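Novice: Okay, so here is coords.cif, and as you'll see once you scroll down, it has mmCIF, C-alpha atoms.
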```cif
data_coords
loop_
_atom_site.label_atom_id
_atom_site.label_comp_id
_atom_site.auth_asym_id
_atom_site.auth_seq_id
_atom_site.Cartn_x
_atom_site.Cartn_y
_atom_site.Cartn_z
CA MET J 28 -31.79 -0.60 -18.63
CA PRO J 29 -28.17 0.51 -18.81
CA LEU J 30 -25.41 -1.55 -17.23
CA GLU J 31 -25.28 -0.94 -13.46
CA PRO J 32 -22.20 -2.64 -11.98
CA SER J 33 -23.02 -1.31 -8.50
CA ARG J 34 -26.32 -3.24 -8.66
CA ALA J 35 -24.38 -6.46 -9.23
CA VAL J 36 -22.28 -5.78 -6.13
CA ALA J 37 -25.42 -5.06 -4.09
CA GLU J 38 -27.00 -8.30 -5.31
CA LEU J 39 -23.89 -10.26 -4.34
CA ARG J 40 -24.28 -8.89 -0.83
CA GLU J 41 -27.96 -9.83 -0.91
CA LEU J 42 -27.07 -13.39 -1.87
CA ARG J 43 -24.52 -13.51 0.94
CA GLU J 44 -27.21 -12.61 3.45
CA LEU J 45 -29.63 -15.14 1.97
CA THR J 46 -27.31 -18.16 1.84
CA GLY J 47 -24.52 -17.53 4.34
CA ASP J 48 -23.99 -17.39 8.08
CA GLU J 49 -21.29 -16.24 10.49
CA ASN J 50 -18.97 -18.94 9.09
CA GLY J 51 -19.32 -17.94 5.43
CA ALA J 52 -21.21 -19.10 2.33
CA GLN J 53 -23.17 -22.36 2.64
CA ARG J 54 -24.34 -22.90 -0.95
CA VAL J 55 -23.11 -26.50 -1.20
CA ALA J 56 -24.55 -28.16 -4.31
CA TRP J 57 -27.51 -30.53 -3.98
CA THR J 58 -28.72 -28.88 -0.75
CA GLU J 59 -31.71 -26.71 0.07
CA THR J 60 -29.50 -23.63 0.50
CA TRP J 61 -28.12 -24.16 -3.02
CA GLU J 62 -31.64 -24.55 -4.36
CA ARG J 63 -32.66 -21.34 -2.58
CA ALA J 64 -29.82 -19.55 -4.38
CA ARG J 65 -30.98 -20.94 -7.73
CA ARG J 66 -34.52 -19.71 -7.14
CA TRP J 67 -33.09 -16.32 -6.20
CA LEU J 68 -31.16 -16.26 -9.49
CA THR J 69 -34.34 -16.98 -11.42
CA GLY J 70 -36.00 -13.99 -9.80
CA LYS J 71 -33.18 -11.67 -10.82
CA LEU J 72 -33.80 -12.37 -14.52
CA GLU J 73 -37.55 -11.81 -14.47
CA GLY J 74 -38.55 -9.13 -16.95
CA THR J 75 -35.58 -9.69 -19.27
CA GLY J 76 -37.41 -12.11 -21.55
CA ALA J 77 -34.77 -14.77 -20.91
CA ARG J 78 -36.10 -18.31 -21.26
CA GLU J 79 -35.10 -20.59 -18.37
CA GLU J 80 -34.49 -24.33 -18.46
CA THR J 81 -32.63 -26.86 -16.36
CA ASP J 82 -30.79 -29.57 -18.27
CA GLU J 83 -30.28 -33.26 -17.50
CA ALA J 84 -27.17 -32.56 -15.38
CA GLY J 85 -28.85 -29.88 -13.26
CA ASN J 86 -27.31 -26.91 -15.06
CA GLN J 87 -29.53 -23.81 -15.07
CA TRP J 88 -29.76 -21.97 -18.42
CA PHE J 89 -31.19 -18.53 -19.28
CA THR J 90 -31.47 -17.81 -23.00
CA LEU J 91 -32.01 -14.53 -24.85
CA PRO J 92 -32.71 -15.52 -28.49
CA GLY J 93 -30.88 -13.46 -31.11
CA ARG J 94 -31.00 -13.05 -34.86
CA SER J 95 -28.61 -16.00 -35.15
CA ASP J 96 -28.67 -19.40 -33.46
CA ARG J 97 -24.93 -19.01 -32.82
CA ALA J 98 -24.71 -18.67 -29.07
CA LEU J 99 -22.49 -16.58 -26.85
CA LEU J 100 -22.31 -18.30 -23.46
CA ILE J 101 -21.56 -16.54 -20.19
CA GLY J 102 -21.08 -18.94 -17.31
CA GLY J 103 -20.35 -19.48 -13.67
CA HIS J 104 -21.52 -21.44 -10.64
CA ILE J 105 -23.54 -20.41 -7.62
CA ASP J 106 -22.54 -23.36 -5.43
CA SER J 107 -19.84 -22.88 -2.80
CA VAL J 108 -17.66 -24.94 -0.49
CA PRO J 109 -18.86 -25.15 3.14
CA ASN J 110 -17.93 -21.99 5.03
CA GLY J 111 -16.83 -20.51 1.71
CA GLY J 112 -16.46 -17.02 0.34
CA TRP J 113 -19.18 -14.70 -0.92
CA LEU J 114 -17.63 -14.20 -4.38
CA ASP J 115 -16.25 -17.56 -5.53
CA GLY J 116 -18.60 -18.63 -8.30
CA ALA J 117 -21.39 -16.21 -7.42
CA LEU J 118 -19.62 -13.23 -9.01
CA ASN J 119 -19.59 -15.10 -12.33
CA VAL J 120 -23.35 -15.54 -12.56
CA VAL J 121 -24.41 -12.26 -10.93
CA ALA J 122 -22.19 -10.29 -13.31
CA GLY J 123 -23.68 -12.34 -16.14
CA VAL J 124 -27.17 -11.33 -15.01
CA GLU J 125 -26.18 -7.69 -15.32
CA VAL J 126 -24.84 -8.26 -18.84
CA LEU J 127 -28.06 -10.02 -19.89
CA ARG J 128 -30.11 -7.13 -18.54
CA ARG J 129 -28.14 -4.68 -20.67
CA ILE J 130 -28.50 -6.83 -23.79
CA ALA J 131 -32.24 -7.35 -23.23
CA GLU J 132 -32.78 -3.59 -22.84
CA GLU J 133 -31.04 -2.87 -26.14
CA GLY J 134 -33.32 -5.19 -28.09
CA GLU J 135 -32.62 -8.29 -30.16
CA SER J 136 -28.96 -9.30 -30.12
CA PRO J 137 -27.21 -10.28 -33.38
CA VAL J 138 -26.44 -13.64 -31.73
CA THR J 139 -28.19 -15.70 -29.08
CA VAL J 140 -26.86 -15.00 -25.58
CA ARG J 141 -27.06 -17.60 -22.81
CA LEU J 142 -26.19 -17.46 -19.12
CA VAL J 143 -25.42 -20.80 -17.49
CA ASN J 144 -25.23 -21.58 -13.79
CA TRP J 145 -23.23 -24.81 -13.76
CA ALA J 146 -24.25 -27.47 -11.24
CA ASP J 147 -21.72 -28.53 -8.60
CA GLU J 148 -18.51 -26.91 -9.79
CA GLU J 149 -16.93 -27.29 -6.36
CA GLY J 150 -17.59 -30.98 -5.71
CA ALA J 151 -17.76 -30.08 -2.02
CA ARG J 152 -20.28 -32.73 -0.97
CA PHE J 153 -19.00 -35.77 -2.89
CA GLY J 154 -15.48 -34.78 -4.01
CA ARG J 155 -16.38 -34.77 -7.72
CA SER J 156 -15.73 -31.28 -9.12
CA LEU J 157 -17.10 -29.86 -12.40
CA PHE J 158 -20.10 -32.19 -12.41
CA GLY J 159 -22.48 -30.19 -14.59
CA SER J 160 -19.94 -28.76 -16.99
CA SER J 161 -18.23 -32.11 -17.58
CA ALA J 162 -21.62 -33.63 -18.42
CA ALA J 163 -22.42 -30.84 -20.88
CA ALA J 164 -18.93 -31.09 -22.37
CA GLY J 165 -19.34 -34.83 -22.84
CA SER J 166 -16.17 -35.62 -20.88
CA MET J 167 -17.94 -37.24 -17.92
CA ALA J 168 -16.90 -40.87 -18.15
CA ASP J 169 -16.86 -41.93 -14.51
CA GLN J 170 -20.52 -42.78 -13.88
CA ASN J 171 -19.62 -46.14 -12.32
CA GLU J 172 -17.35 -44.40 -9.81
CA LEU J 173 -19.94 -41.68 -9.21
CA ARG J 174 -22.53 -44.29 -8.21
CA LYS J 175 -20.26 -45.40 -5.36
CA LEU J 176 -19.71 -41.93 -3.88
CA ARG J 177 -21.24 -41.14 -0.47
CA ASP J 178 -21.29 -37.91 1.49
CA ALA J 179 -20.37 -37.57 5.17
CA GLU J 180 -23.87 -38.72 6.18
CA GLY J 181 -23.76 -41.78 3.92
CA VAL J 182 -26.12 -40.40 1.25
CA SER J 183 -25.20 -41.64 -2.24
CA LEU J 184 -24.53 -39.22 -5.07
CA PRO J 185 -27.30 -40.72 -7.28
CA ASP J 186 -29.82 -40.22 -4.46
CA ALA J 187 -28.64 -36.67 -3.75
CA VAL J 188 -28.83 -35.50 -7.37
CA GLY J 189 -32.05 -37.43 -7.88
CA ALA J 190 -33.69 -35.21 -5.28
CA TYR J 191 -33.13 -32.37 -7.78
CA ASP J 192 -34.47 -34.30 -10.80
CA VAL J 193 -31.05 -35.35 -12.09
CA ASP J 194 -30.74 -38.94 -13.31
CA LEU J 195 -27.08 -39.95 -13.49
CA ASP J 196 -27.82 -42.24 -16.44
CA ARG J 197 -29.12 -39.26 -18.45
CA ALA J 198 -26.68 -36.55 -17.33
CA LEU J 199 -24.66 -36.69 -20.56
CA GLU J 200 -27.76 -35.66 -22.52
CA ALA J 201 -26.84 -32.15 -21.35
CA ARG J 202 -24.38 -32.15 -24.28
CA ARG J 203 -27.15 -30.78 -26.50
CA GLN J 204 -26.75 -27.44 -24.71
CA LEU J 205 -23.42 -26.80 -26.45
CA GLU J 206 -24.63 -27.58 -30.00
CA HIS J 207 -24.75 -23.92 -31.09
CA ALA J 208 -22.14 -22.55 -28.67
CA ALA J 209 -19.69 -20.29 -30.51
CA ALA J 210 -17.88 -18.70 -27.55
CA TYR J 211 -17.76 -19.01 -23.77
CA LEU J 212 -16.85 -16.23 -21.31
CA GLU J 213 -16.29 -16.56 -17.59
CA LEU J 214 -15.41 -13.99 -14.93
CA HIS J 215 -13.90 -15.19 -11.66
CA ILE J 216 -12.04 -13.89 -8.65
CA GLU J 217 -8.36 -14.76 -8.99
CA GLN J 218 -8.20 -16.77 -5.73
CA GLY J 219 -4.50 -15.99 -5.61
CA PRO J 220 -2.12 -13.07 -4.89
CA VAL J 221 -0.66 -12.22 -8.32
CA LEU J 222 -2.87 -9.30 -9.38
CA GLU J 223 -2.78 -7.75 -5.92
CA SER J 224 1.02 -8.01 -5.83
CA MET J 225 1.12 -6.16 -9.18
CA GLU J 226 -1.46 -3.59 -7.97
CA LEU J 227 -3.73 -4.48 -10.91
CA PRO J 228 -7.50 -4.93 -10.58
CA LEU J 229 -8.03 -7.24 -13.56
CA GLY J 230 -6.26 -9.87 -15.61
CA VAL J 231 -6.82 -12.20 -18.56
CA VAL J 232 -6.50 -15.95 -18.09
CA LEU J 233 -4.31 -17.85 -20.55
CA GLY J 234 -5.68 -21.24 -19.56
CA THR J 235 -5.97 -23.66 -16.67
CA PHE J 236 -3.11 -25.71 -15.29
CA GLY J 237 -2.82 -29.39 -16.02
CA VAL J 238 -2.81 -31.51 -12.88
CA GLU J 239 -0.94 -34.67 -11.91
CA ARG J 240 -2.18 -36.16 -8.64
CA SER J 241 -0.25 -39.12 -7.19
CA ARG J 242 -0.20 -41.36 -4.14
CA ILE J 243 3.34 -42.21 -3.02
CA THR J 244 3.97 -44.85 -0.37
CA PHE J 245 7.32 -45.20 1.39
CA ARG J 246 7.81 -48.52 3.21
CA GLY J 247 10.37 -49.07 5.95
CA GLN J 248 10.40 -51.13 9.15
CA ALA J 249 8.51 -50.58 12.38
CA ALA J 250 10.85 -50.76 15.37
CA HIS J 251 10.85 -49.71 18.98
CA ALA J 252 11.45 -45.98 19.40
CA GLY J 253 13.57 -46.50 22.50
CA SER J 254 15.81 -49.38 21.56
CA THR J 255 16.54 -48.82 17.84
CA PRO J 256 19.73 -46.81 17.18
CA MET J 257 19.32 -43.85 14.83
CA ASP J 258 21.73 -45.22 12.23
CA GLN J 259 19.87 -48.53 12.00
CA ARG J 260 16.39 -47.17 11.38
CA ARG J 261 14.38 -47.57 8.21
CA ASP J 262 12.03 -44.63 8.85
CA ALA J 263 9.41 -44.22 6.12
CA LEU J 264 8.55 -40.74 7.37
CA ALA J 265 12.12 -39.64 6.64
CA GLY J 266 11.51 -40.52 3.00
CA ALA J 267 8.29 -38.49 2.90
CA ALA J 268 9.93 -35.54 4.64
CA LYS J 269 12.85 -35.46 2.22
CA LEU J 270 10.50 -35.67 -0.78
CA GLU J 271 8.39 -32.79 0.58
CA LEU J 272 11.49 -30.57 0.53
CA GLU J 273 12.57 -31.83 -2.89
CA ILE J 274 9.26 -31.09 -4.66
CA ARG J 275 9.67 -27.41 -3.77
CA GLU J 276 13.01 -27.41 -5.59
CA ILE J 277 11.45 -29.22 -8.57
CA ALA J 278 8.79 -26.52 -8.85
CA LYS J 279 11.41 -23.79 -8.52
CA ARG J 280 13.61 -25.31 -11.25
CA THR J 281 10.66 -25.82 -13.60
CA GLY J 282 9.40 -22.24 -13.19
CA GLU J 283 6.69 -20.53 -15.25
CA GLY J 284 4.17 -20.85 -12.42
CA ALA J 285 4.90 -24.49 -11.57
CA VAL J 286 3.48 -25.64 -8.23
CA CYS J 287 3.96 -28.86 -6.27
CA THR J 288 2.09 -29.64 -3.07
CA MET J 289 2.28 -32.58 -0.69
CA GLY J 290 -1.19 -32.22 0.75
CA GLY J 291 -1.29 -35.14 3.16
CA VAL J 292 0.87 -37.77 4.84
CA VAL J 293 -0.56 -40.75 6.73
CA THR J 294 1.86 -42.79 8.82
CA LYS J 295 1.59 -46.28 10.28
CA PRO J 296 1.66 -47.56 12.92
CA GLY J 297 1.22 -43.88 13.84
CA ILE J 298 2.23 -44.16 17.49
CA VAL J 299 4.90 -42.22 19.32
CA THR J 300 6.75 -45.35 20.49
CA SER J 301 7.42 -46.79 17.02
CA VAL J 302 9.56 -45.88 14.04
CA VAL J 303 7.25 -45.25 11.07
CA GLU J 304 6.82 -48.33 8.88
CA THR J 305 4.74 -46.79 6.06
CA ALA J 306 4.19 -43.19 5.02
CA GLU J 307 1.52 -42.59 2.39
CA CYS J 308 1.79 -39.17 0.70
CA LEU J 309 -0.57 -37.29 -1.61
CA LEU J 310 1.20 -35.17 -4.22
CA ASP J 311 -0.43 -32.51 -6.42
CA GLN J 312 1.60 -31.01 -9.31
CA ARG J 313 0.36 -28.33 -11.73
CA HIS J 314 1.65 -26.53 -14.81
CA LEU J 315 0.28 -24.87 -17.94
CA ASP J 316 2.71 -26.77 -20.20
CA ALA J 317 1.96 -30.49 -20.65
CA ALA J 318 5.58 -31.47 -21.31
CA LYS J 319 6.83 -29.63 -18.24
CA LEU J 320 4.08 -31.14 -16.12
CA ALA J 321 5.15 -34.62 -17.23
CA GLU J 322 8.77 -33.73 -16.51
CA MET J 323 7.84 -32.56 -13.00
CA ARG J 324 6.21 -35.89 -12.23
CA SER J 325 9.17 -37.79 -13.65
CA ASN J 326 11.61 -35.72 -11.60
CA ALA J 327 9.62 -36.25 -8.42
CA GLU J 328 9.51 -39.99 -9.02
CA ALA J 329 13.26 -40.12 -9.65
CA ALA J 330 13.88 -38.10 -6.50
CA SER J 331 11.70 -40.45 -4.44
CA ARG J 332 13.69 -43.47 -5.63
CA ARG J 333 16.98 -41.77 -4.80
CA ILE J 334 15.66 -40.86 -1.35
CA ALA J 335 14.35 -44.39 -0.79
CA GLU J 336 17.82 -45.78 -1.54
CA GLU J 337 19.42 -43.28 0.85
CA GLU J 338 17.02 -44.24 3.66
CA ARG J 339 16.94 -47.98 2.85
CA LEU J 340 13.24 -47.84 2.01
CA GLU J 341 10.91 -49.10 -0.70
CA VAL J 342 8.72 -46.66 -2.61
CA GLU J 343 5.60 -47.13 -4.77
CA TRP J 344 3.79 -44.64 -7.02
CA GLU J 345 0.12 -44.63 -8.03
CA ARG J 346 -1.52 -42.06 -10.31
CA ILE J 347 -4.76 -40.93 -8.65
CA TRP J 348 -5.98 -38.47 -11.27
CA SER J 349 -4.66 -36.28 -14.06
CA ILE J 350 -5.95 -33.63 -16.42
CA GLU J 351 -4.21 -32.03 -19.36
CA PRO J 352 -3.54 -28.27 -19.38
CA ILE J 353 -6.23 -26.27 -21.16
CA LEU J 354 -5.13 -23.29 -23.26
CA PHE J 355 -7.81 -20.72 -23.97
CA ASP J 356 -8.69 -19.25 -27.37
CA GLU J 357 -6.05 -16.81 -28.63
CA ALA J 358 -8.52 -14.50 -30.42
CA LEU J 359 -10.71 -14.26 -27.31
CA ILE J 360 -7.64 -13.62 -25.16
CA GLU J 361 -6.90 -10.60 -27.37
CA LEU J 362 -10.49 -9.34 -27.06
CA ALA J 363 -10.36 -9.86 -23.30
CA ASP J 364 -7.08 -7.96 -23.06
CA GLU J 365 -8.57 -5.05 -25.03
CA SER J 366 -11.64 -5.02 -22.78
CA VAL J 367 -9.61 -4.98 -19.58
CA GLN J 368 -7.35 -2.22 -20.82
CA GLU J 369 -10.33 -0.13 -21.88
CA VAL J 370 -11.97 -0.24 -18.45
CA ALA J 371 -8.92 -0.49 -16.16
CA GLY J 372 -6.07 1.10 -18.14
CA SER J 373 -3.77 -1.92 -17.91
CA SER J 374 -3.93 -5.69 -18.09
CA HIS J 375 -1.91 -8.76 -17.22
CA ARG J 376 -2.07 -12.28 -18.64
CA LEU J 377 -1.74 -15.18 -16.22
CA PRO J 378 -2.59 -18.87 -15.91
CA SER J 379 -5.18 -20.29 -13.54
CA GLY J 380 -3.98 -22.77 -10.95
CA PRO J 381 -7.49 -23.78 -9.81
CA LEU J 382 -9.74 -25.65 -12.21
CA HIS J 383 -12.89 -24.00 -13.55
CA ASP J 384 -15.95 -24.96 -15.60
CA ALA J 385 -14.33 -22.99 -18.44
CA ALA J 386 -11.78 -25.78 -18.81
CA GLU J 387 -14.51 -28.33 -19.54
CA VAL J 388 -16.21 -26.04 -22.07
CA SER J 389 -12.89 -25.42 -23.80
CA ARG J 390 -12.18 -29.16 -23.82
CA ALA J 391 -15.48 -29.60 -25.70
CA GLY J 392 -14.10 -27.41 -28.50
CA VAL J 393 -15.89 -24.15 -27.68
CA PRO J 394 -13.63 -21.05 -27.94
CA THR J 395 -13.20 -19.94 -24.34
CA VAL J 396 -11.61 -17.22 -22.22
CA MET J 397 -11.71 -16.11 -18.59
CA LEU J 398 -11.24 -12.81 -16.79
CA PHE J 399 -9.79 -12.57 -13.29
CA VAL J 400 -10.45 -9.83 -10.76
CA GLN J 401 -8.04 -9.22 -7.88
CA SER J 402 -8.51 -11.16 -4.63
CA LEU J 403 -7.50 -9.37 -1.44
CA ARG J 404 -4.62 -11.23 0.25
CA GLY J 405 -5.07 -13.94 -2.38
CA LEU J 406 -7.55 -15.76 -0.13
CA SER J 407 -10.49 -17.88 -1.27
CA HIS J 408 -12.60 -20.80 0.03
CA THR J 409 -12.85 -18.93 3.33
CA LYS J 410 -15.28 -16.48 4.87
CA VAL J 411 -12.60 -13.74 4.71
CA GLU J 412 -12.44 -13.97 0.90
CA ASP J 413 -12.90 -10.43 -0.45
CA THR J 414 -12.40 -8.03 -3.35
CA LYS J 415 -12.65 -4.24 -3.34
CA PRO J 416 -16.12 -3.06 -4.45
CA GLU J 417 -14.60 -0.75 -7.06
CA HIS J 418 -12.70 -3.70 -8.52
CA LEU J 419 -15.87 -5.80 -8.62
CA GLU J 420 -17.59 -3.02 -10.55
CA LEU J 421 -14.66 -2.83 -12.98
CA SER J 422 -14.89 -6.59 -13.52
CA VAL J 423 -18.58 -6.33 -14.44
CA ARG J 424 -17.75 -3.57 -16.92
CA ALA J 425 -14.93 -5.64 -18.39
CA LEU J 426 -17.15 -8.71 -18.80
CA ASP J 427 -19.82 -6.58 -20.46
CA ARG J 428 -17.28 -5.00 -22.82
CA LEU J 429 -15.91 -8.44 -23.67
CA ALA J 430 -19.42 -9.80 -24.29
CA ALA J 431 -20.19 -6.93 -26.67
CA LYS J 432 -16.94 -7.38 -28.58
CA THR J 433 -17.42 -11.14 -28.80
CA ALA J 434 -21.03 -10.87 -29.99
CA GLU J 435 -19.95 -8.44 -32.72
CA ARG J 436 -17.16 -10.77 -33.79
CA LEU J 437 -19.50 -13.78 -33.92
CA ALA J 438 -22.08 -11.85 -35.91
CA THR J 439 -19.57 -10.87 -38.59
CA SER J 440 -17.52 -14.07 -38.85
#
```
Before anything else, please render the file you have as structure tokens.
Specialist:
Amino acid sequence: MPLEPSRAVAELRELRELTGDENGAQRVAWTETWERARRWLTGKLEGTGAREETDEAGNQWFTLPGRSDRALLIGGHIDSVPNGGWLDGALNVVAGVEVLRRIAEEGESPVTVRLVNWADEEGARFGRSLFGSSAAAGSMADQNELRKLRDAEGVSLPDAVGAYDVDLDRALEARRQLEHAAAYLELHIEQGPVLESMELPLGVVLGTFGVERSRITFRGQAAHAGSTPMDQRRDALAGAAKLELEIREIAKRTGEGAVCTMGGVVTKPGIVTSVVETAECLLDQRHLDAAKLAEMRSNAEAASRRIAEEERLEVEWERIWSIEPILFDEALIELADESVQEVAGSSHRLPSGPLHDAAEVSRAGVPTVMLFVQSLRGLSHTKVEDTKPEHLELSVRALDRLAAKTAERLATS
């Protein structure tokens, strides 16, 4: 059957009706609604000849054997955050279904083509993102920490994944799935405002930002709010407030897409009648350049120490988590750019601030690239997330064009 992008859009709406409610998408991983979506996906590939299997990490694979074992992977995730959007993740796999249908109709491909629905990209239930892809990439090294994770109801992660035949001790055996992988393609909504601001439907992703996540604690002195003169206070919240303003300037000076976010501040004693004694801040910093990301963290730390001295405070830093920037494959970026220009007339190259499964695949050494399609108002992880239907159809065409170009390249190289 020929490529039918409008069918992919209709099927996305069908999935929304099946797994959402008035608050948005409810396909949280390791839940019955998520499993219902996976069964739905299986049904959409019936008749294509694709062989289905689920690996040790819960990733769902559909394989069309080709004349070569070299495999072109197309990937995405069908899980969502609670009350999420209808396109985040789901577009990736539903567009991939449409590409597989086209390839199956044309007969045996010169290379093997595989669609993967990664398990638990969002990490919405336990806070551990990229579960399935990190297992397949071999980068999952936090099993001891994973065993300790509990959801809001107190269910442990090992028990939750075990209900879906995933044994945490065997999850890394999913690495065998990448043995013959020669290229990985992923389509995603942008989740940001850049393409819309440029009035462009599609873009090519250069890579995913590196992330530095830190906990910063300012320590002052609790004192009575009524009897302590302003000039004698050691207010820890003043330190946090000053740093919040300074990180915006650090991002601005660094440029090239740099972002810094203070996503939470917890104060103690946390009562209206006391000066704040401790203020614990969570800082997230992202950049596509590893050196500049390190410089941003260093600058923020230096600023915090200057501020602490000004306010007569103490300050402590703790690294919570970090990940290096991932740069995508240059040759695939060129093919992606050609594909976008052919279907949309113009293209734009941009980094991805959010993390994606593509980053884990790239980290495993598989040549990787992503396509972005415009997000209306730049909104995602919300029920109002949306993209124009005509842009969704263009994105399916672009992914298909990119898949064809990549398969040809793999067959002749």
Novice: Can you list, as a ChimeraX atom specification, every protein, DNA or RNA residue that comes within 12 Å of Glu125 of chain J when you count all atoms listed in the file, leaving out same-chain residues fewer than 3 positions away?
Specialist: /J:28-39,68,71-72,75,101,118-122,128-132,142,420,422-428,430
Novice: Take the PyMOL selection byres ((chain J and resi 113) around 10), apply it to the structure above, and return the hits as a list in words.
Specialist: Leu39, Arg40, Leu42, Arg43, Glu44, Thr46, Gly47, Gly51, Ala52, Gln53, Arg54, Ile105, Ser107, Asn110, Gly111, Gly112, Leu114, Asp115, Gly116, Ala117, Leu118, Ser407, His408, Thr409, Lys410, Val411, Glu412, Asp413 and Thr414 of chain J
Novice: Kindly extract all protein, DNA and RNA residues lying within 10 Å of the coordinates (-26.3, -17.0, -21.4) given in the file, considering only C-alpha atoms, and supply them as a list in words.
Specialist: Ala77, Arg78, Glu79, Gln87, Trp88, Phe89, Thr90, Leu91, Pro92, Ala98, Leu99, Leu100, Ile101, Gly102, Val120, Gly123, Val124, Val126, Leu127, Thr139, Val140, Arg141, Leu142, Val143, Asn144, Tyr211 and Leu212 of chain J
Novice: Please write the residues picked by the PyMOL selection byres ((chain J and resi 378) around 7) on this file as a PyMOL selection string.
Specialist: chain J and resi 232-236+315+377+379-380
Novice: Would you kindly translate the PyMOL selection byres ((chain J and resi 341) around 12) into the concrete residues it picks from this file, as a PyMOL selection string?
Specialist: chain J and resi 243-248+261-264+266-267+304-307+331-340+342-344
Novice: May I have the residues within 9 Å of Val367 of chain J as JSON, numbers by chain, using all atoms listed in the file and disregarding those fewer than 4 positions away in the same chain?
Specialist: {"J": [229, 230, 231, 362, 363, 371, 372, 373, 374, 375, 398, 421, 422, 424, 425, 426, 428, 429]}
Novice: Using all atoms listed in the file, collect all residues at a distance of at most 9 Å from (-26.3, -31.3, -21.2) as written in the file, then present them as a ChimeraX atom specification.
Specialist: /J:82-86,159-165,197-205
Novice: Those selected residues, please, written with C-alpha atoms and delivered as a PDB file, in the frame of the given file.
Specialist:
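Produced file selection-v2.pdb, reproduced below:
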```pdb
ATOM      1  CA  ASP J  82     -30.790 -29.570 -18.270  1.00  0.00           C
ATOM      2  CA  GLU J  83     -30.280 -33.260 -17.500  1.00  0.00           C
ATOM      3  CA  ALA J  84     -27.170 -32.560 -15.380  1.00  0.00           C
ATOM      4  CA  GLY J  85     -28.850 -29.880 -13.260  1.00  0.00           C
ATOM      5  CA  ASN J  86     -27.310 -26.910 -15.060  1.00  0.00           C
ATOM      6  CA  GLY J 159     -22.480 -30.190 -14.590  1.00  0.00           C
ATOM      7  CA  SER J 160     -19.940 -28.760 -16.990  1.00  0.00           C
ATOM      8  CA  SER J 161     -18.230 -32.110 -17.580  1.00  0.00           C
ATOM      9  CA  ALA J 162     -21.620 -33.630 -18.420  1.00  0.00           C
ATOM     10  CA  ALA J 163     -22.420 -30.840 -20.880  1.00  0.00           C
ATOM     11  CA  ALA J 164     -18.930 -31.090 -22.370  1.00  0.00           C
ATOM     12  CA  GLY J 165     -19.340 -34.830 -22.840  1.00  0.00           C
ATOM     13  CA  ARG J 197     -29.120 -39.260 -18.450  1.00  0.00           C
ATOM     14  CA  ALA J 198     -26.680 -36.550 -17.330  1.00  0.00           C
ATOM     15  CA  LEU J 199     -24.660 -36.690 -20.560  1.00  0.00           C
ATOM     16  CA  GLU J 200     -27.760 -35.660 -22.520  1.00  0.00           C
ATOM     17  CA  ALA J 201     -26.840 -32.150 -21.350  1.00  0.00           C
ATOM     18  CA  ARG J 202     -24.380 -32.150 -24.280  1.00  0.00           C
ATOM     19  CA  ARG J 203     -27.150 -30.780 -26.500  1.00  0.00           C
ATOM     20  CA  GLN J 204     -26.750 -27.440 -24.710  1.00  0.00           C
ATOM     21  CA  LEU J 205     -23.420 -26.800 -26.450  1.00  0.00           C
TER      22      LEU J 205
END
```
Novice: Suppose you want the space between atom CA of Val221 of chain J and atom CA of Leu403 of chain J; what is it in Å?
Specialist: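 Atom CA of Val221 of chain J sits 10.1 Å away from atom CA of Leu403 of chain J.
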Novice: What's the separation between atom CA of Ala358 of chain J and atom CA of Gly392 of chain J, in Å to one decimal place?
Specialist: 14.2 Å
Novice: Please report the interatomic distance between atom CA of Glu148 of chain J and atom CA of Arg436 of chain J in Å with one decimal.
Specialist: 29.0 Å
